[in-house]
Amino acid sequence: MENFKKIESKTLEEHKNELERQFHIFKLSYIERLYDKKIPPLEESFIDIKYGENDEIIEKEIKINTDDFNMLLGRYTDILRSFVIAHKKIENPDSRVGWTDEEYDAISKIYIEKIKEFYRVDKTKWIENTMLLLDEMNNKLKNEKIENLLDDDRSGLISTEIITDQRLENILKNTNIPFNKYDKYLELHLRPLVELQYGKSEVNIFSEDSLKQLALDIVDKYGEVKGIIGQSWILDTPIAERIGFKQLKKTISMTPSFWGQFQDAKGQLVKERINKLLETGKPPYMVVMGIIDVIDFLKKYLPNERKGEVILKEKNEDFDYKSFNDTNIKGNLMRWDDMSLSEVENYIESNKFLKMFFETEEGKNSKDLFIKLKKENIKLENLRSNQEWQDYAQKFNKFIDSLMFKEKKVFIE
């Protein structure tokens, strides 16, 4: 099986790059074992998630076919993403890394064919030749910085992201946790272990300090959340019970929440765990979804000096949810590219929530922003990367939250 050398790097960036390279080799070795029918797949099928014209989540069940090399590459490795990023940066070094689904598929197809050709020509060296091609492309980008596309907040060793609406439904469906589309939860993400560990002798991912900081952040910034959700292989260990998470379900997730078990806290691959997967097809741990109620979390982790009466938030029953649903702000914006300037102006005037926002101090300049972006013919796919638009969206969402939620006093003991 695989025998990866210990990573010896002078800088954190070098270490992360070499770690990513070793993971690519490991995952390519895994799909080779699947393709050769040496081990069974982890799953019989998976749910492919895409977004529709109105930003709705569209799910499609896809059966695993170990004879389909393209499927194995796309499902069990992220090397195509690395090729797409390198391709885009070489093509336009000054642009922000981003793509549409169609663009990603088109670029991926180029490298799928190259990888399959490597496999066809010399099965013993296809992984080596694939990595040589990627190395060659990355060497052209040595002075380029690839953006971190995960937009989140950080509480010590843990990063967090607010989830709501369809994404929340997608996570909590088929569980016994009641929810509605306006509920908000915090989803935890672990920062890359090599980032946390580099230059240190040891690190505790779920340290008391990080969880206490998260509790303070909830009280100070996220008072509307109903609970905290985590998905990780770590929650398939006794740590889950110790930190207070209730295990909801085991799942297959080809994300860092699964692959993280194959590296240690010092950013080195764990050969014993890798070899178990490559030899048997069975990982040491599965990904478990865990949840903890916000009040229970605060009781457990809020520092003693902050315990007592705290101000959180709850759903405001006086808010006009029906009108807000009927305005379908997100759905109407999906038509942005097809709307004329006059249609944009009419849309603004007919939407009472936008008009209310434009009358506030925070939103007074946003109406002009809509008109400006439309006159500049900014396409919908580029709006999310437009800084002015991001600032508007953040302020508008905060304004809607101020209407949708009201303060409530809670005693934490």
# chains A, B, ... in the order shown; residues from 1 in each chain; ligands from 1
>>> select_by_dssp(residues="range 23-76 of chain A", states="helix (DSSP H, G or I)", output="list in words")
Phe23, His24, Ile25, Phe26, Lys27, Leu28, Ser29, Tyr30, Ile31, Glu32, Arg33, Leu34, Tyr35, Phe69, Asn70, Met71, Leu72, Leu73, Gly74, Arg75 and Tyr76 of chain A
>>> write_last_selection(atoms="N, CA and C atoms", output="PDB file, in the first residue's frame")
ATOM      1  N   PHE A  23      -2.522  13.960  -0.575  1.00  0.00           N
ATOM      2  CA  PHE A  23      -3.933  13.570  -0.565  1.00  0.00           C
ATOM      3  C   PHE A  23      -4.409  13.225  -1.974  1.00  0.00           C
ATOM      4  N   HIS A  24      -3.967  13.997  -2.967  1.00  0.00           N
ATOM      5  CA  HIS A  24      -4.330  13.677  -4.353  1.00  0.00           C
ATOM      6  C   HIS A  24      -3.870  12.263  -4.712  1.00  0.00           C
ATOM      7  N   ILE A  25      -2.636  11.939  -4.373  1.00  0.00           N
ATOM      8  CA  ILE A  25      -2.087  10.614  -4.687  1.00  0.00           C
ATOM      9  C   ILE A  25      -2.882   9.531  -3.961  1.00  0.00           C
ATOM     10  N   PHE A  26      -3.192   9.762  -2.696  1.00  0.00           N
ATOM     11  CA  PHE A  26      -3.975   8.817  -1.900  1.00  0.00           C
ATOM     12  C   PHE A  26      -5.351   8.573  -2.531  1.00  0.00           C
ATOM     13  N   LYS A  27      -6.046   9.642  -2.911  1.00  0.00           N
ATOM     14  CA  LYS A  27      -7.401   9.495  -3.462  1.00  0.00           C
ATOM     15  C   LYS A  27      -7.374   8.849  -4.850  1.00  0.00           C
ATOM     16  N   LEU A  28      -6.362   9.167  -5.652  1.00  0.00           N
ATOM     17  CA  LEU A  28      -6.233   8.509  -6.950  1.00  0.00           C
ATOM     18  C   LEU A  28      -5.947   7.017  -6.765  1.00  0.00           C
ATOM     19  N   SER A  29      -5.167   6.681  -5.757  1.00  0.00           N
ATOM     20  CA  SER A  29      -4.908   5.269  -5.444  1.00  0.00           C
ATOM     21  C   SER A  29      -6.195   4.572  -5.021  1.00  0.00           C
ATOM     22  N   TYR A  30      -7.029   5.301  -4.274  1.00  0.00           N
ATOM     23  CA  TYR A  30      -8.302   4.735  -3.832  1.00  0.00           C
ATOM     24  C   TYR A  30      -9.210   4.425  -5.015  1.00  0.00           C
ATOM     25  N   ILE A  31      -9.345   5.365  -5.967  1.00  0.00           N
ATOM     26  CA  ILE A  31     -10.251   5.084  -7.088  1.00  0.00           C
ATOM     27  C   ILE A  31      -9.665   4.009  -8.010  1.00  0.00           C
ATOM     28  N   GLU A  32      -8.348   3.881  -8.052  1.00  0.00           N
ATOM     29  CA  GLU A  32      -7.749   2.789  -8.822  1.00  0.00           C
ATOM     30  C   GLU A  32      -8.161   1.443  -8.236  1.00  0.00           C
ATOM     31  N   ARG A  33      -8.170   1.347  -6.911  1.00  0.00           N
ATOM     32  CA  ARG A  33      -8.587   0.105  -6.246  1.00  0.00           C
ATOM     33  C   ARG A  33     -10.071  -0.179  -6.526  1.00  0.00           C
ATOM     34  N   LEU A  34     -10.881   0.875  -6.546  1.00  0.00           N
ATOM     35  CA  LEU A  34     -12.298   0.698  -6.865  1.00  0.00           C
ATOM     36  C   LEU A  34     -12.472   0.248  -8.313  1.00  0.00           C
ATOM     37  N   TYR A  35     -11.776   0.905  -9.226  1.00  0.00           N
ATOM     38  CA  TYR A  35     -11.900   0.629 -10.655  1.00  0.00           C
ATOM     39  C   TYR A  35     -11.443  -0.788 -10.986  1.00  0.00           C
ATOM     40  N   PHE A  69     -15.023   5.561 -14.831  1.00  0.00           N
ATOM     41  CA  PHE A  69     -13.821   6.239 -14.345  1.00  0.00           C
ATOM     42  C   PHE A  69     -14.105   7.717 -14.081  1.00  0.00           C
ATOM     43  N   ASN A  70     -14.902   8.333 -14.962  1.00  0.00           N
ATOM     44  CA  ASN A  70     -15.238   9.752 -14.785  1.00  0.00           C
ATOM     45  C   ASN A  70     -15.953   9.981 -13.464  1.00  0.00           C
ATOM     46  N   MET A  71     -16.913   9.122 -13.143  1.00  0.00           N
ATOM     47  CA  MET A  71     -17.664   9.256 -11.895  1.00  0.00           C
ATOM     48  C   MET A  71     -16.750   9.120 -10.692  1.00  0.00           C
ATOM     49  N   LEU A  72     -15.862   8.143 -10.716  1.00  0.00           N
ATOM     50  CA  LEU A  72     -14.962   7.925  -9.577  1.00  0.00           C
ATOM     51  C   LEU A  72     -14.052   9.132  -9.363  1.00  0.00           C
ATOM     52  N   LEU A  73     -13.553   9.693 -10.450  1.00  0.00           N
ATOM     53  CA  LEU A  73     -12.699  10.885 -10.344  1.00  0.00           C
ATOM     54  C   LEU A  73     -13.458  12.045  -9.710  1.00  0.00           C
ATOM     55  N   GLY A  74     -14.679  12.245 -10.164  1.00  0.00           N
ATOM     56  CA  GLY A  74     -15.450  13.380  -9.675  1.00  0.00           C
ATOM     57  C   GLY A  74     -15.966  13.202  -8.268  1.00  0.00           C
ATOM     58  N   ARG A  75     -16.300  11.970  -7.892  1.00  0.00           N
ATOM     59  CA  ARG A  75     -16.903  11.731  -6.578  1.00  0.00           C
ATOM     60  C   ARG A  75     -15.859  11.591  -5.477  1.00  0.00           C
ATOM     61  N   TYR A  76     -14.767  10.906  -5.742  1.00  0.00           N
ATOM     62  CA  TYR A  76     -13.852  10.532  -4.661  1.00  0.00           C
ATOM     63  C   TYR A  76     -12.516  11.272  -4.676  1.00  0.00           C
TER      64      TYR A  76
END
>>> residues_around(residues="range 85-95 of chain A", least_positions_apart="6", cutoff="8 Å", atoms="only C-alpha atoms", output="VMD selection string")
chain A and resid 107 137 to 138 140 to 141 144
>>> write_last_selection(atoms="N, CA and C atoms", output="PDB file, in the first residue's frame")
ATOM      1  N   ILE A 107     -14.012  22.662 -18.396  1.00  0.00           N
ATOM      2  CA  ILE A 107     -12.577  22.579 -18.095  1.00  0.00           C
ATOM      3  C   ILE A 107     -12.236  21.206 -17.527  1.00  0.00           C
ATOM      4  N   MET A 137       1.678  22.714 -13.988  1.00  0.00           N
ATOM      5  CA  MET A 137       0.762  23.862 -14.013  1.00  0.00           C
ATOM      6  C   MET A 137       0.937  24.724 -12.768  1.00  0.00           C
ATOM      7  N   ASN A 138       1.060  24.078 -11.608  1.00  0.00           N
ATOM      8  CA  ASN A 138       1.204  24.837 -10.366  1.00  0.00           C
ATOM      9  C   ASN A 138       2.525  25.577 -10.295  1.00  0.00           C
ATOM     10  N   LYS A 140       3.826  27.204 -12.565  1.00  0.00           N
ATOM     11  CA  LYS A 140       3.620  28.485 -13.247  1.00  0.00           C
ATOM     12  C   LYS A 140       2.917  29.500 -12.340  1.00  0.00           C
ATOM     13  N   LEU A 141       2.411  29.011 -11.217  1.00  0.00           N
ATOM     14  CA  LEU A 141       1.613  29.868 -10.327  1.00  0.00           C
ATOM     15  C   LEU A 141       2.273  30.081  -8.983  1.00  0.00           C
ATOM     16  N   GLU A 144       1.367  33.144  -7.261  1.00  0.00           N
ATOM     17  CA  GLU A 144      -0.052  33.467  -7.216  1.00  0.00           C
ATOM     18  C   GLU A 144      -0.653  32.975  -5.917  1.00  0.00           C
TER      19      GLU A 144
END
>>> atom_distance(atom1="CA of Leu168 in chain A", atom2="CA of Tyr185 in chain A")
7.7 Å
>>> closest_residue(among="A:Asp337, A:Asn377, A:Ser232, A:Phe324", to="Ile400 in chain A", atoms="only C-alpha atoms")
A:Phe324
>>> closest_residue(among="A:Glu314, A:Glu413, A:Lys379, A:Glu343", to="Phe297 in chain A", atoms="only C-alpha atoms")
A:Glu413
>>> closest_residue(among="A:Leu216, A:Lys5, A:Ser210, A:Gly290", to="Ala240 in chain A", atoms="only C-alpha atoms")
A:Gly290
>>> closest_residue(among="A:Trp126, A:Phe319, A:Tyr285, A:Phe83", to="Ile110 in chain A", atoms="only C-alpha atoms")
A:Phe83
>>> atom_distance(atom1="CA of Thr130 in chain A", atom2="CA of Phe4 in chain A")
17.1 Å
>>> select_by_dssp(residues="range 190-380 of chain A", states="strand (DSSP E or B)", output="PyMOL selection string")
chain A and resi 190+227-232+246-251+263+269+287-293+308-315
>>> closest_residue(among="A:Gln247, A:Ser253, A:Thr237, A:Ser108", to="Asp48 in chain A", atoms="only C-alpha atoms")
A:Ser253
>>> atom_distance(atom1="CA of Leu333 in chain A", atom2="CA of Ser402 in chain A")
21.9 Å
>>> residues_around(residues="Lys246 in chain A", least_positions_apart="2", cutoff="9 Å", atoms="only C-alpha atoms", output="VMD selection string")
chain A and resid 240 to 241 244 248 289 to 292
>>> write_last_selection(atoms="N, CA and C atoms", output="PDB file, in the first residue's frame")
ATOM      1  N   ALA A 240     -17.652  13.113  20.734  1.00  0.00           N
ATOM      2  CA  ALA A 240     -18.980  13.697  20.511  1.00  0.00           C
ATOM      3  C   ALA A 240     -19.747  13.822  21.826  1.00  0.00           C
ATOM      4  N   GLU A 241     -19.791  12.750  22.591  1.00  0.00           N
ATOM      5  CA  GLU A 241     -20.538  12.776  23.864  1.00  0.00           C
ATOM      6  C   GLU A 241     -19.875  13.714  24.858  1.00  0.00           C
ATOM      7  N   GLY A 244     -20.834  17.220  24.185  1.00  0.00           N
ATOM      8  CA  GLY A 244     -22.260  17.515  24.344  1.00  0.00           C
ATOM      9  C   GLY A 244     -23.118  17.374  23.105  1.00  0.00           C
ATOM     10  N   LEU A 248     -27.003  12.421  15.376  1.00  0.00           N
ATOM     11  CA  LEU A 248     -28.259  12.301  14.636  1.00  0.00           C
ATOM     12  C   LEU A 248     -28.224  11.167  13.628  1.00  0.00           C
ATOM     13  N   MET A 289     -23.431  13.291  11.749  1.00  0.00           N
ATOM     14  CA  MET A 289     -24.028  14.602  11.965  1.00  0.00           C
ATOM     15  C   MET A 289     -24.435  14.687  13.432  1.00  0.00           C
ATOM     16  N   GLY A 290     -23.995  15.740  14.098  1.00  0.00           N
ATOM     17  CA  GLY A 290     -24.331  15.948  15.497  1.00  0.00           C
ATOM     18  C   GLY A 290     -24.955  17.310  15.708  1.00  0.00           C
ATOM     19  N   ILE A 291     -25.713  17.444  16.788  1.00  0.00           N
ATOM     20  CA  ILE A 291     -26.405  18.702  17.055  1.00  0.00           C
ATOM     21  C   ILE A 291     -26.472  18.936  18.552  1.00  0.00           C
ATOM     22  N   ILE A 292     -26.479  20.195  18.932  1.00  0.00           N
ATOM     23  CA  ILE A 292     -26.669  20.552  20.337  1.00  0.00           C
ATOM     24  C   ILE A 292     -27.524  21.819  20.386  1.00  0.00           C
TER      25      ILE A 292
END
>>> closest_residue(among="A:Arg335, A:Glu407, A:Val84, A:His15", to="Thr100 in chain A", atoms="only C-alpha atoms")
A:Val84
>>> residues_around(residues="range 344-351 of chain A", least_positions_apart="6", cutoff="8 Å", atoms="only C-alpha atoms", output="PyMOL selection string")
chain A and resi 327+336+367+370-371+374
>>> residues_around(residues="Ser257 in chain A", least_positions_apart="4", cutoff="12 Å", atoms="only C-alpha atoms", output="list in words")
Leu188, His189, Leu190, Arg191, Pro192, Leu193, Gly230, Gln231, Ser232, Trp233, Ile234, Leu235, Asp236, Lys250, Thr251, Ile252, Ser253, Gln261, Phe262, Gln263, Tyr285, Met286, Val287, Val288 and Met289 of chain A
>>> write_last_selection(atoms="C-alpha atoms", output="PDB file, in the first residue's frame")
ATOM      1  CA  LEU A 188     -19.147  24.212  12.651  1.00  0.00           C
ATOM      2  CA  HIS A 189     -16.135  23.719  10.413  1.00  0.00           C
ATOM      3  CA  LEU A 190     -12.734  22.674  11.677  1.00  0.00           C
ATOM      4  CA  ARG A 191      -9.911  24.799  10.394  1.00  0.00           C
ATOM      5  CA  PRO A 192      -7.255  22.763   8.531  1.00  0.00           C
ATOM      6  CA  LEU A 193      -5.268  20.854  11.132  1.00  0.00           C
ATOM      7  CA  GLY A 230     -21.478  19.650  13.174  1.00  0.00           C
ATOM      8  CA  GLN A 231     -20.685  16.993  10.570  1.00  0.00           C
ATOM      9  CA  SER A 232     -17.397  15.207  11.070  1.00  0.00           C
ATOM     10  CA  TRP A 233     -15.701  11.854  11.478  1.00  0.00           C
ATOM     11  CA  ILE A 234     -14.694  13.149  14.922  1.00  0.00           C
ATOM     12  CA  LEU A 235     -18.341  12.874  15.991  1.00  0.00           C
ATOM     13  CA  ASP A 236     -18.072   9.117  15.349  1.00  0.00           C
ATOM     14  CA  LYS A 250     -24.136   8.624  10.027  1.00  0.00           C
ATOM     15  CA  THR A 251     -23.574   9.705   6.477  1.00  0.00           C
ATOM     16  CA  ILE A 252     -21.194   9.483   3.541  1.00  0.00           C
ATOM     17  CA  SER A 253     -19.641  12.842   2.809  1.00  0.00           C
ATOM     18  CA  GLN A 261      -9.396  11.319   9.583  1.00  0.00           C
ATOM     19  CA  PHE A 262      -6.495  10.333   7.327  1.00  0.00           C
ATOM     20  CA  GLN A 263      -4.166  13.056   8.638  1.00  0.00           C
ATOM     21  CA  TYR A 285     -14.693   6.238  11.005  1.00  0.00           C
ATOM     22  CA  MET A 286     -17.833   7.426   9.265  1.00  0.00           C
ATOM     23  CA  VAL A 287     -19.066  11.013   9.110  1.00  0.00           C
ATOM     24  CA  VAL A 288     -21.645  11.675  11.819  1.00  0.00           C
ATOM     25  CA  MET A 289     -24.028  14.602  11.965  1.00  0.00           C
TER      26      MET A 289
END
